[in-house]
>>> print(open('work.txt').read())   # compact mmCIF, C-alpha atoms and all ligand atoms
# COMPACT_ATOMS: atom_id res chain seq x y z
CA MET A 1 6.77 -6.23 -27.85
CA PRO A 2 5.58 -9.09 -25.62
CA THR A 3 7.92 -10.06 -22.80
CA GLN A 4 7.73 -13.40 -21.04
CA LEU A 5 8.72 -13.54 -17.42
CA ASP A 6 8.80 -16.80 -15.48
CA LEU A 7 7.90 -16.82 -11.82
CA VAL A 8 9.76 -19.81 -10.44
CA VAL A 9 9.09 -20.33 -6.76
CA ALA A 10 12.00 -21.90 -4.88
CA GLY A 11 11.38 -25.61 -4.37
CA ARG A 12 8.28 -25.75 -6.56
CA PRO A 13 8.26 -27.50 -9.92
CA GLN A 14 5.49 -25.36 -11.41
CA THR A 15 6.35 -22.14 -13.21
CA SER A 16 3.92 -19.29 -13.66
CA CYS A 17 4.46 -17.68 -17.09
CA ILE A 18 3.71 -13.98 -17.13
CA HIS A 19 3.16 -12.58 -20.60
CA LEU A 20 3.61 -8.82 -20.44
CA ASP A 21 2.61 -6.36 -23.14
CA ALA A 22 0.87 -9.28 -24.87
CA SER A 23 -2.34 -9.53 -26.87
CA LEU A 24 -5.62 -11.16 -25.96
CA ALA A 25 -5.39 -12.75 -29.41
CA SER A 26 -2.67 -15.07 -28.09
CA LEU A 27 -4.98 -16.59 -25.45
CA PRO A 28 -6.05 -19.59 -27.61
CA ALA A 29 -2.40 -20.56 -28.03
CA LEU A 30 -1.99 -20.67 -24.23
CA ALA A 31 -5.03 -22.94 -23.97
CA ALA A 32 -3.25 -25.40 -26.27
CA GLY A 33 -6.38 -27.24 -27.38
CA ARG A 34 -7.72 -27.93 -23.87
CA GLN A 35 -11.33 -27.53 -22.77
CA VAL A 36 -11.53 -23.96 -21.44
CA VAL A 37 -14.12 -22.16 -19.33
CA LEU A 38 -13.91 -18.38 -18.91
CA VAL A 39 -14.87 -16.52 -15.72
CA VAL A 40 -15.63 -12.90 -16.58
CA ASP A 41 -17.11 -10.03 -14.60
CA ALA A 42 -20.22 -8.36 -15.99
CA ASN A 43 -18.51 -5.05 -16.88
CA VAL A 44 -15.63 -6.73 -18.66
CA ARG A 45 -18.02 -8.98 -20.58
CA ARG A 46 -20.02 -5.94 -21.70
CA LEU A 47 -16.92 -3.97 -22.70
CA HIS A 48 -14.67 -6.67 -24.11
CA GLY A 49 -16.83 -9.79 -24.52
CA THR A 50 -16.71 -9.72 -28.33
CA ARG A 51 -12.90 -9.92 -28.25
CA LEU A 52 -12.91 -13.11 -26.16
CA PRO A 53 -12.55 -16.54 -27.78
CA ASP A 54 -15.80 -18.41 -28.26
CA TRP A 55 -15.50 -20.59 -25.14
CA PRO A 56 -18.12 -21.34 -22.45
CA LEU A 57 -18.31 -18.31 -20.17
CA LEU A 58 -19.45 -17.93 -16.57
CA GLU A 59 -20.33 -14.38 -15.60
CA ILE A 60 -19.88 -12.96 -12.11
CA GLU A 61 -21.15 -9.64 -10.80
CA ALA A 62 -18.62 -6.84 -10.69
CA GLY A 63 -17.35 -5.53 -7.37
CA GLU A 64 -15.80 -6.50 -4.06
CA ALA A 65 -19.13 -7.88 -2.73
CA THR A 66 -18.73 -10.75 -5.23
CA LYS A 67 -15.53 -11.99 -3.57
CA THR A 68 -17.26 -14.59 -1.39
CA LEU A 69 -17.44 -18.32 -0.85
CA ALA A 70 -21.02 -18.16 -2.17
CA THR A 71 -19.72 -16.94 -5.54
CA CYS A 72 -17.09 -19.66 -5.53
CA GLU A 73 -19.69 -22.32 -4.79
CA ARG A 74 -21.90 -21.07 -7.61
CA LEU A 75 -18.94 -21.15 -9.99
CA ALA A 76 -17.84 -24.60 -8.85
CA ARG A 77 -21.33 -25.99 -9.40
CA ALA A 78 -21.53 -24.39 -12.83
CA LEU A 79 -18.12 -25.80 -13.76
CA VAL A 80 -19.20 -29.28 -12.69
CA ASP A 81 -22.30 -28.82 -14.89
CA GLN A 82 -19.93 -27.93 -17.75
CA GLY A 83 -18.21 -31.31 -17.28
CA VAL A 84 -14.96 -29.94 -15.89
CA ASP A 85 -12.16 -32.44 -15.31
CA ARG A 86 -8.58 -32.04 -14.11
CA SER A 87 -7.37 -31.07 -17.55
CA THR A 88 -9.89 -28.25 -17.97
CA LEU A 89 -8.35 -24.79 -18.01
CA ILE A 90 -10.22 -22.02 -16.18
CA VAL A 91 -9.35 -18.48 -17.25
CA GLY A 92 -10.37 -15.46 -15.18
CA VAL A 93 -10.76 -12.30 -17.26
CA GLY A 94 -11.24 -9.21 -15.12
CA GLY A 95 -9.87 -7.21 -12.23
CA GLY A 96 -8.47 -8.38 -8.92
CA VAL A 97 -11.85 -9.67 -7.77
CA THR A 98 -12.20 -11.95 -10.79
CA CYS A 99 -8.61 -13.17 -10.44
CA ASP A 100 -9.03 -13.93 -6.73
CA VAL A 101 -12.32 -15.80 -7.23
CA THR A 102 -11.08 -17.72 -10.27
CA GLY A 103 -7.84 -18.64 -8.52
CA PHE A 104 -9.71 -19.84 -5.43
CA VAL A 105 -12.05 -22.03 -7.45
CA GLY A 106 -9.28 -23.23 -9.77
CA SER A 107 -7.00 -24.21 -6.91
CA THR A 108 -9.66 -26.05 -4.92
CA LEU A 109 -12.06 -27.65 -7.43
CA LEU A 110 -11.11 -31.32 -7.87
CA ARG A 111 -8.22 -30.37 -5.54
CA GLY A 112 -6.84 -28.16 -8.25
CA VAL A 113 -7.31 -27.63 -11.97
CA PRO A 114 -5.10 -25.44 -14.19
CA PHE A 115 -6.07 -21.79 -14.23
CA GLY A 116 -4.81 -18.60 -15.83
CA PHE A 117 -5.58 -14.90 -15.63
CA VAL A 118 -6.18 -12.11 -18.12
CA PRO A 119 -6.07 -9.09 -15.79
CA THR A 120 -8.11 -6.17 -17.13
CA THR A 121 -7.46 -3.51 -14.48
CA LEU A 122 -4.15 -1.77 -13.91
CA LEU A 123 -4.35 -2.94 -10.29
CA ALA A 124 -4.66 -6.57 -11.36
CA GLN A 125 -1.89 -6.23 -13.97
CA VAL A 126 0.62 -4.72 -11.53
CA ASP A 127 -0.37 -6.78 -8.52
CA ALA A 128 -3.46 -8.94 -8.01
CA ALA A 129 -2.85 -11.37 -10.88
CA ILE A 130 0.75 -11.99 -9.82
CA GLY A 131 2.03 -14.18 -7.01
CA GLY A 132 -0.57 -16.90 -6.51
CA LYS A 133 -2.58 -15.56 -3.56
CA ASN A 134 -6.24 -16.41 -4.15
CA GLY A 135 -8.36 -15.09 -1.30
CA VAL A 136 -12.03 -14.40 -0.75
CA ASN A 137 -13.70 -12.39 2.00
CA LEU A 138 -15.59 -13.89 4.92
CA GLY A 139 -17.86 -12.04 7.34
CA GLY A 140 -16.59 -8.68 6.10
CA LEU A 141 -12.94 -9.65 6.65
CA LYS A 142 -10.63 -9.32 3.67
CA ASN A 143 -9.15 -12.43 2.06
CA LEU A 144 -9.81 -14.50 5.17
CA VAL A 145 -10.16 -17.75 3.23
CA GLY A 146 -7.75 -18.55 0.48
CA THR A 147 -5.01 -20.54 -1.14
CA VAL A 148 -1.50 -19.88 -2.40
CA THR A 149 -1.34 -21.51 -5.81
CA GLN A 150 0.30 -19.98 -8.85
CA PRO A 151 -1.70 -19.43 -12.03
CA GLU A 152 -0.34 -21.36 -14.99
CA PHE A 153 -0.11 -18.08 -16.87
CA VAL A 154 -0.94 -14.41 -16.71
CA LEU A 155 -1.61 -12.58 -19.97
CA SER A 156 -1.43 -8.79 -19.67
CA ASP A 157 -2.90 -6.92 -22.63
CA HIS A 158 -2.58 -3.20 -21.92
CA ALA A 159 -5.12 -2.35 -24.63
CA LEU A 160 -7.80 -3.72 -22.27
CA LEU A 161 -7.07 -0.82 -19.93
CA ALA A 162 -8.43 1.72 -22.45
CA THR A 163 -11.94 1.39 -21.01
CA LEU A 164 -10.86 1.70 -17.39
CA PRO A 165 -12.45 4.63 -15.50
CA PRO A 166 -9.79 7.15 -14.28
CA ARG A 167 -10.50 6.31 -10.68
CA GLU A 168 -9.60 2.65 -11.31
CA VAL A 169 -6.39 3.76 -13.03
CA GLY A 170 -5.53 5.62 -9.82
CA CYS A 171 -6.16 2.45 -7.78
CA GLY A 172 -3.68 0.56 -9.96
CA ILE A 173 -1.12 3.33 -9.56
CA ALA A 174 -1.53 3.00 -5.78
CA GLU A 175 -0.41 -0.64 -5.85
CA ALA A 176 2.46 0.21 -8.21
CA ILE A 177 3.59 2.96 -5.82
CA LYS A 178 3.41 0.43 -2.99
CA THR A 179 5.69 -2.06 -4.74
CA ALA A 180 8.09 0.69 -5.75
CA ALA A 181 8.17 2.26 -2.28
CA VAL A 182 9.24 -0.96 -0.55
CA GLY A 183 11.49 -2.50 -3.16
CA ASP A 184 12.34 -0.51 -6.26
CA ALA A 185 13.54 3.11 -6.13
CA ALA A 186 13.98 3.21 -9.93
CA LEU A 187 10.35 2.17 -10.42
CA PHE A 188 9.28 4.90 -8.01
CA ALA A 189 11.18 7.46 -10.10
CA LEU A 190 9.62 6.02 -13.27
CA ILE A 191 6.11 6.44 -11.81
CA GLU A 192 6.96 10.01 -10.81
CA ALA A 193 8.21 10.78 -14.31
CA SER A 194 5.40 9.08 -16.24
CA LEU A 195 2.46 9.78 -13.93
CA ASP A 196 0.73 12.30 -16.19
CA ARG A 197 0.89 9.93 -19.16
CA LEU A 198 -0.29 7.03 -17.00
CA LEU A 199 -3.30 9.07 -15.88
CA GLN A 200 -4.08 9.93 -19.51
CA GLY A 201 -4.18 6.21 -20.33
CA ASP A 202 -0.92 6.09 -22.30
CA GLU A 203 -0.42 2.39 -23.09
CA GLN A 204 3.37 2.55 -23.28
CA ALA A 205 3.61 4.28 -19.93
CA ALA A 206 1.36 1.59 -18.45
CA ALA A 207 3.45 -1.16 -20.07
CA ARG A 208 6.67 0.13 -18.48
CA VAL A 209 5.16 0.55 -15.02
CA VAL A 210 3.43 -2.85 -15.14
CA GLU A 211 6.69 -4.52 -16.15
CA GLY A 212 8.63 -2.79 -13.36
CA ALA A 213 6.05 -3.65 -10.71
CA VAL A 214 5.72 -7.25 -11.88
CA ARG A 215 9.51 -7.78 -11.94
CA THR A 216 9.80 -6.54 -8.35
CA LYS A 217 6.83 -8.59 -7.14
CA VAL A 218 8.14 -11.70 -8.90
CA ARG A 219 11.51 -11.24 -7.18
CA LEU A 220 9.88 -11.02 -3.73
CA VAL A 221 7.43 -13.90 -4.31
CA ALA A 222 10.05 -16.23 -5.79
CA GLU A 223 12.02 -15.88 -2.54
CA ASP A 224 9.04 -16.15 -0.23
CA GLU A 225 5.83 -17.50 -1.73
CA ARG A 226 4.19 -18.19 1.66
CA ASP A 227 4.60 -14.66 3.01
CA HIS A 228 6.91 -15.34 5.96
CA GLY A 229 9.80 -13.13 4.81
CA PRO A 230 10.42 -10.45 2.17
CA ARG A 231 7.01 -10.86 0.50
CA ARG A 232 5.52 -9.23 3.59
CA LEU A 233 6.94 -5.91 2.35
CA LEU A 234 4.12 -5.90 -0.19
CA ASN A 235 1.71 -5.39 2.71
CA PHE A 236 2.92 -1.77 2.90
CA GLY A 237 -0.15 0.39 3.47
CA HIS A 238 -2.35 -2.66 4.01
CA THR A 239 -2.62 -2.92 7.81
CA LEU A 240 -4.54 0.34 8.04
CA GLY A 241 -5.65 0.10 4.39
CA HIS A 242 -7.66 -3.09 4.92
CA ALA A 243 -9.24 -1.52 8.02
CA ILE A 244 -10.20 1.61 6.02
CA GLU A 245 -11.61 -0.61 3.27
CA LYS A 246 -13.71 -2.52 5.79
CA VAL A 247 -14.92 0.41 7.90
CA PHE A 248 -15.59 2.97 5.15
CA GLY A 249 -16.17 0.69 2.14
CA THR A 250 -13.35 2.54 0.31
CA SER A 251 -11.98 0.80 -2.80
CA HIS A 252 -8.87 -1.32 -2.25
CA GLY A 253 -6.45 0.95 -4.11
CA GLU A 254 -7.67 4.13 -2.45
CA ALA A 255 -7.62 2.53 1.00
CA VAL A 256 -4.05 1.35 0.40
CA ALA A 257 -3.09 4.91 -0.64
CA ALA A 258 -4.35 6.32 2.67
CA GLY A 259 -2.68 3.40 4.48
CA MET A 260 0.66 4.13 2.76
CA THR A 261 0.47 7.77 3.75
CA ALA A 262 -0.02 6.75 7.38
CA ALA A 263 2.83 4.22 7.15
CA GLY A 264 5.10 6.87 5.60
CA ARG A 265 4.26 9.27 8.44
CA LEU A 266 4.90 6.59 11.05
CA SER A 267 8.24 5.82 9.38
CA VAL A 268 9.23 9.49 9.73
CA ARG A 269 7.91 9.66 13.32
CA ARG A 270 9.99 6.59 14.23
CA GLY A 271 13.09 8.27 12.77
CA LEU A 272 13.48 5.61 10.09
CA LEU A 273 12.66 7.75 7.07
CA PRO A 274 13.92 11.27 6.32
CA ALA A 275 10.99 13.72 6.28
CA ALA A 276 11.80 14.75 2.70
CA GLU A 277 11.33 11.13 1.53
CA GLY A 278 8.01 10.95 3.37
CA GLU A 279 6.90 14.12 1.59
CA ARG A 280 8.00 12.66 -1.75
CA LEU A 281 5.73 9.65 -1.14
CA GLU A 282 2.76 11.83 -0.21
CA ARG A 283 3.31 14.11 -3.18
CA LEU A 284 3.16 11.18 -5.59
CA ILE A 285 0.03 9.72 -3.96
CA GLU A 286 -1.64 13.12 -4.13
CA ARG A 287 -0.62 13.75 -7.76
CA ALA A 288 -2.17 10.37 -8.65
CA GLY A 289 -5.50 11.73 -7.38
CA LEU A 290 -5.48 9.26 -4.49
CA PRO A 291 -6.63 10.03 -0.94
CA LEU A 292 -3.98 10.76 1.66
CA SER A 293 -6.44 10.61 4.48
CA TYR A 294 -9.72 9.14 5.74
CA PRO A 295 -12.49 10.37 8.05
CA SER A 296 -11.24 10.97 11.56
CA ASP A 297 -14.25 9.98 13.60
CA ARG A 298 -14.14 6.17 13.56
CA TRP A 299 -10.87 5.31 15.29
CA PRO A 300 -12.44 2.65 17.60
CA ASP A 301 -13.86 0.86 14.53
CA LEU A 302 -10.55 1.17 12.68
CA VAL A 303 -8.45 -0.18 15.53
CA ALA A 304 -10.93 -3.04 15.95
CA ALA A 305 -10.64 -3.77 12.23
CA ILE A 306 -6.83 -3.68 12.43
CA GLY A 307 -7.09 -6.21 15.24
CA HIS A 308 -9.11 -8.51 13.04
CA ASP A 309 -6.56 -8.43 10.26
CA LYS A 310 -5.64 -12.08 9.73
CA LYS A 311 -1.93 -11.24 9.93
CA ARG A 312 -2.37 -10.22 13.56
CA VAL A 313 -0.72 -12.25 16.26
CA ARG A 314 -0.89 -9.82 19.21
CA ARG A 315 -1.81 -6.19 19.90
CA ARG A 316 1.54 -5.41 18.35
CA GLN A 317 1.82 -6.82 14.89
CA ALA A 318 4.13 -6.83 11.92
CA GLY A 319 3.77 -3.61 9.98
CA VAL A 320 5.71 -2.36 6.98
CA LEU A 321 7.57 0.93 7.26
CA LEU A 322 10.16 2.63 5.05
CA ARG A 323 13.87 3.36 5.57
CA ALA A 324 14.07 5.07 2.20
CA ILE A 325 12.03 5.19 -1.00
CA GLY A 326 12.65 1.70 -2.40
CA ASP A 327 13.64 0.20 0.95
CA GLY A 328 10.87 -1.18 3.15
CA VAL A 329 11.27 -2.91 6.47
CA VAL A 330 8.95 -5.27 8.37
CA ILE A 331 8.78 -4.09 11.95
CA GLU A 332 6.56 -4.48 15.02
CA VAL A 333 3.93 -1.76 15.29
CA ASP A 334 1.48 -1.27 18.12
CA ASP A 335 -2.08 -1.01 16.74
CA GLU A 336 -2.50 2.32 18.54
CA GLU A 337 0.52 3.80 16.74
CA TRP A 338 -1.55 4.07 13.56
CA ARG A 339 -3.78 6.62 15.29
CA ASP A 340 -3.29 10.24 14.26
CA MET A 341 -1.08 9.36 11.30
CA ARG A 342 -3.39 11.37 9.05
CA PRO A 343 -2.23 14.53 7.24
N1 LIG A 401 -4.36 -11.79 -4.88
C1 LIG A 401 -3.56 -10.76 -4.69
O1 LIG A 401 -2.34 -10.90 -4.57
C2 LIG A 401 -4.15 -9.37 -4.65
C3 LIG A 401 -3.31 -8.26 -4.68
C4 LIG A 401 -3.88 -7.00 -4.70
C5 LIG A 401 -5.26 -6.85 -4.67
N2 LIG A 401 -6.05 -7.96 -4.62
C6 LIG A 401 -7.51 -7.83 -4.62
O2 LIG A 401 -7.90 -7.25 -5.85
C7 LIG A 401 -9.16 -6.58 -5.65
C8 LIG A 401 -9.07 -5.20 -6.27
O3 LIG A 401 -8.82 -5.36 -7.65
P1 LIG A 401 -9.46 -4.37 -8.72
O4 LIG A 401 -9.22 -2.98 -8.32
O5 LIG A 401 -9.01 -4.83 -10.05
O6 LIG A 401 -11.02 -4.62 -8.48
P2 LIG A 401 -12.22 -5.17 -9.38
O7 LIG A 401 -11.91 -6.51 -9.90
O8 LIG A 401 -13.42 -5.01 -8.54
O9 LIG A 401 -12.26 -4.14 -10.61
C9 LIG A 401 -12.58 -2.81 -10.37
C10 LIG A 401 -13.73 -2.36 -11.29
O10 LIG A 401 -13.22 -2.22 -12.62
C11 LIG A 401 -14.09 -2.92 -13.54
N3 LIG A 401 -13.26 -3.30 -14.68
C12 LIG A 401 -12.40 -4.33 -14.77
N4 LIG A 401 -11.73 -4.26 -15.93
C13 LIG A 401 -12.20 -3.20 -16.60
C14 LIG A 401 -11.90 -2.61 -17.84
N5 LIG A 401 -10.91 -3.08 -18.63
N6 LIG A 401 -12.60 -1.51 -18.23
C15 LIG A 401 -13.55 -0.97 -17.41
N7 LIG A 401 -13.86 -1.47 -16.21
C16 LIG A 401 -13.19 -2.58 -15.82
C17 LIG A 401 -14.67 -4.03 -12.72
O11 LIG A 401 -15.86 -4.51 -13.29
C18 LIG A 401 -14.88 -3.34 -11.37
O12 LIG A 401 -16.09 -2.63 -11.41
C19 LIG A 401 -9.41 -6.53 -4.15
O13 LIG A 401 -10.35 -7.50 -3.81
C20 LIG A 401 -8.04 -6.89 -3.58
O14 LIG A 401 -8.15 -7.50 -2.31
C21 LIG A 401 -5.53 -9.21 -4.63
>>> encode(input="work.txt", output="structure tokens")
Amino acid sequence: MPTQLDLVVAGRPQTSCIHLDASLASLPALAAGRQVVLVVDANVRRLHGTRLPDWPLLEIEAGEATKTLATCERLARALVDQGVDRSTLIVGVGGGVTCDVTGFVGSTLLRGVPFGFVPTTLLAQVDAAIGGKNGVNLGGLKNLVGTVTQPEFVLSDHALLATLPPREVGCGIAEAIKTAAVGDAALFALIEASLDRLLQGDEQAAARVVEGAVRTKVRLVAEDERDHGPRRLLNFGHTLGHAIEKVFGTSHGEAVAAGMTAAGRLSVRRGLLPAAEGERLERLIERAGLPLSYPSDRWPDLVAAIGHDKKRVRRRQAGVLLRAIGDGVVIEVDDEEWRDMRP
């Protein structure tokens, strides 16, 4: 049964409508007769293109390397060629890369046109499509250029996940574990209980986990859209994770998994988190087929990459640690403290 959840950011008139457990068939109704242009990645077009409404479509290459200003410029030019005006709706259909690129173009072209997302990866359904951050990479640095503008809508159709390779399912589970670990103990328990079904592609299991993760993210974003307060908890695993992604070219979800393991270990080392809770986190990451660790021989590159994280203000920077499963805390961490936090 579709569920509609409204993300209402304090002080902002615009509401982002999140349609969970919905069907791609309801996309034309959301367009409400407007001119629409689709932005779709090549894999999604190949796998699901025939199910998309017959609207003009701009294709982007699949993969993180596409998340650049060059891609955004190409899209913006193509949209201008399509005769876009401020009433045109742009809909990104794809994973987190497609959502980020579409959101960046949508929120900047003509100083902002309406845009919506149809997330097609578990990672994008639980996380990337929600919350209005639209970032692209610059010079190898993650999400260095971006906007915070909410999509008009997000339409999550879990049937689209049927074609997702198992490894990408794992990446989505990583972001769901992240959200649960910092803000929702019941969701964490749900992921533990339904993990095997999630990994087998069970749609109902995915629907429940997506809904739990989205509800928690919506709660944190509604309080703190600009990432100065509780939203920062969602960076759990990301300080080291982004560095691992940059240095080793690891996928986002897998890098976050290794980053969460390190953050869990640091939480235990600091005496914040009971060791048994740290082990529970690692056990779930491992059961999801995600990496706990990363190669040991590139610490100087990793610490340099941590230093280039855009959230950095000094050599000590805000990190996210755990006090319990479901209870994250933003706390100062010295860059060097991340060293040797590998299993
Ligand atoms: N804006 C945010 O708040 C936010 C939050 C989390 C992550 N992100 C970003 O999201 C990105 C990661 O997202 P992702 O993992 O979805 O990456 P992605 O968009 O690269 O998708 C992963 C792969 O899955 C393929 N794919 C997509 N849908 C498919 C389907 N239904 N069936 C088969 N294959 C499919 C894609 O073509 C791609 O090859 C990163 O760039 C990350 O920084 C953004």
>>> residues_around(input="work.txt", residues="stretch 116-132 of chain A", least_positions_apart="4", cutoff="8 Å", atoms="only C-alpha atoms", output="ChimeraX atom specification")
/A:24,44,89-96,99-100,103,147-158,160-161,164,168-169,171-176,206,209-211,213-214,217-218,221,225,253
>>> atom_distance(input="work.txt", atom1="atom CA of A:Arg51", atom2="atom CA of A:Val84")
23.6 Å
>>> closest_residue(input="work.txt", among="A:Asp85, A:Glu192, A:Glu245, A:Asp21", to="ligand LIG 401 (chain A)", atoms="only C-alpha atoms and all ligand atoms")
A:Glu245
>>> residues_around(input="work.txt", residues="A:Pro28", least_positions_apart="2", cutoff="12 Å", atoms="only C-alpha atoms", output="compact mmCIF listing (two decimals) with C-alpha atoms, in the coordinates of the input")
# COMPACT_ATOMS: atom_id res chain seq x y z
CA SER A 23 -2.34 -9.53 -26.87
CA LEU A 24 -5.62 -11.16 -25.96
CA ALA A 25 -5.39 -12.75 -29.41
CA SER A 26 -2.67 -15.07 -28.09
CA LEU A 30 -1.99 -20.67 -24.23
CA ALA A 31 -5.03 -22.94 -23.97
CA ALA A 32 -3.25 -25.40 -26.27
CA GLY A 33 -6.38 -27.24 -27.38
CA ARG A 34 -7.72 -27.93 -23.87
CA GLN A 35 -11.33 -27.53 -22.77
CA VAL A 36 -11.53 -23.96 -21.44
CA VAL A 37 -14.12 -22.16 -19.33
CA LEU A 38 -13.91 -18.38 -18.91
CA ARG A 51 -12.90 -9.92 -28.25
CA LEU A 52 -12.91 -13.11 -26.16
CA PRO A 53 -12.55 -16.54 -27.78
CA ASP A 54 -15.80 -18.41 -28.26
CA TRP A 55 -15.50 -20.59 -25.14
CA LEU A 89 -8.35 -24.79 -18.01
CA VAL A 91 -9.35 -18.48 -17.25
CA GLY A 116 -4.81 -18.60 -15.83
CA LEU A 155 -1.61 -12.58 -19.97
>>> closest_residue(input="work.txt", among="A:Gly112, A:Pro230, A:Gly264, A:Gly170", to="A:Ser251", atoms="all atoms listed in the file")
A:Gly170
>>> atom_distance(input="work.txt", atom1="atom CA of A:Ala22", atom2="atom CA of A:Pro2")
4.8 Å
>>> atom_distance(input="work.txt", atom1="atom C15 of ligand LIG 401 (chain A)", atom2="atom CA of A:Glu203")
14.7 Å
>>> residues_near_point(input="work.txt", point="(-5.8, -2.0, 8.7)", cutoff="10 Å", atoms="only C-alpha atoms", output="PyMOL selection string")
chain A and resi 237-247+255-256+259+302-309+319+335+338
>>> write_last_selection(input="work.txt", atoms="C-alpha atoms", output="tab-separated table (two decimals), in the frame of the given file")
chain	number	residue	atom	x	y	z
A	237	GLY	CA	-0.15	0.39	3.47
A	238	HIS	CA	-2.35	-2.66	4.01
A	239	THR	CA	-2.62	-2.92	7.81
A	240	LEU	CA	-4.54	0.34	8.04
A	241	GLY	CA	-5.65	0.10	4.39
A	242	HIS	CA	-7.66	-3.09	4.92
A	243	ALA	CA	-9.24	-1.52	8.02
A	244	ILE	CA	-10.20	1.61	6.02
A	245	GLU	CA	-11.61	-0.61	3.27
A	246	LYS	CA	-13.71	-2.52	5.79
A	247	VAL	CA	-14.92	0.41	7.90
A	255	ALA	CA	-7.62	2.53	1.00
A	256	VAL	CA	-4.05	1.35	0.40
A	259	GLY	CA	-2.68	3.40	4.48
A	302	LEU	CA	-10.55	1.17	12.68
A	303	VAL	CA	-8.45	-0.18	15.53
A	304	ALA	CA	-10.93	-3.04	15.95
A	305	ALA	CA	-10.64	-3.77	12.23
A	306	ILE	CA	-6.83	-3.68	12.43
A	307	GLY	CA	-7.09	-6.21	15.24
A	308	HIS	CA	-9.11	-8.51	13.04
A	309	ASP	CA	-6.56	-8.43	10.26
A	319	GLY	CA	3.77	-3.61	9.98
A	335	ASP	CA	-2.08	-1.01	16.74
A	338	TRP	CA	-1.55	4.07	13.56
>>> closest_residue(input="work.txt", among="A:Leu234, A:Leu266, A:Leu273, A:Cys72", to="ligand LIG 401 (chain A)", atoms="only C-alpha atoms and all ligand atoms")
A:Leu234
>>> closest_residue(input="work.txt", among="A:Asp81, A:Glu61, A:Asp202, A:Glu73", to="ligand LIG 401 (chain A)", atoms="all atoms listed in the file")
A:Glu61
>>> residues_around(input="work.txt", residues="A:Asp196", least_positions_apart="2", cutoff="12 Å", atoms="only C-alpha atoms", output="list in words")
Pro166, Val169, Gly170, Ile173, Leu190, Ile191, Glu192, Ala193, Ser194, Leu198, Leu199, Gln200, Gly201, Asp202, Ala205, Ala206, Leu284, Arg287, Ala288 and Gly289 of chain A
>>> closest_residue(input="work.txt", among="A:Gly49, A:Gly139, A:Gly212, A:Gly249", to="A:Gly63", atoms="all atoms listed in the file")
A:Gly249
>>> residues_around(input="work.txt", residues="A:Val97", least_positions_apart="6", cutoff="8 Å", atoms="all atoms listed in the file", output="JSON, numbers by chain")
{"A": [62, 63, 64, 66, 67]}
>>> write_last_selection(input="work.txt", atoms="C-alpha atoms", output="PDB file, in the coordinates of the input")
ATOM      1  CA  ALA A  62     -18.620  -6.840 -10.690  1.00  0.00           C
ATOM      2  CA  GLY A  63     -17.350  -5.530  -7.370  1.00  0.00           C
ATOM      3  CA  GLU A  64     -15.800  -6.500  -4.060  1.00  0.00           C
ATOM      4  CA  THR A  66     -18.730 -10.750  -5.230  1.00  0.00           C
ATOM      5  CA  LYS A  67     -15.530 -11.990  -3.570  1.00  0.00           C
TER       6      LYS A  67
END
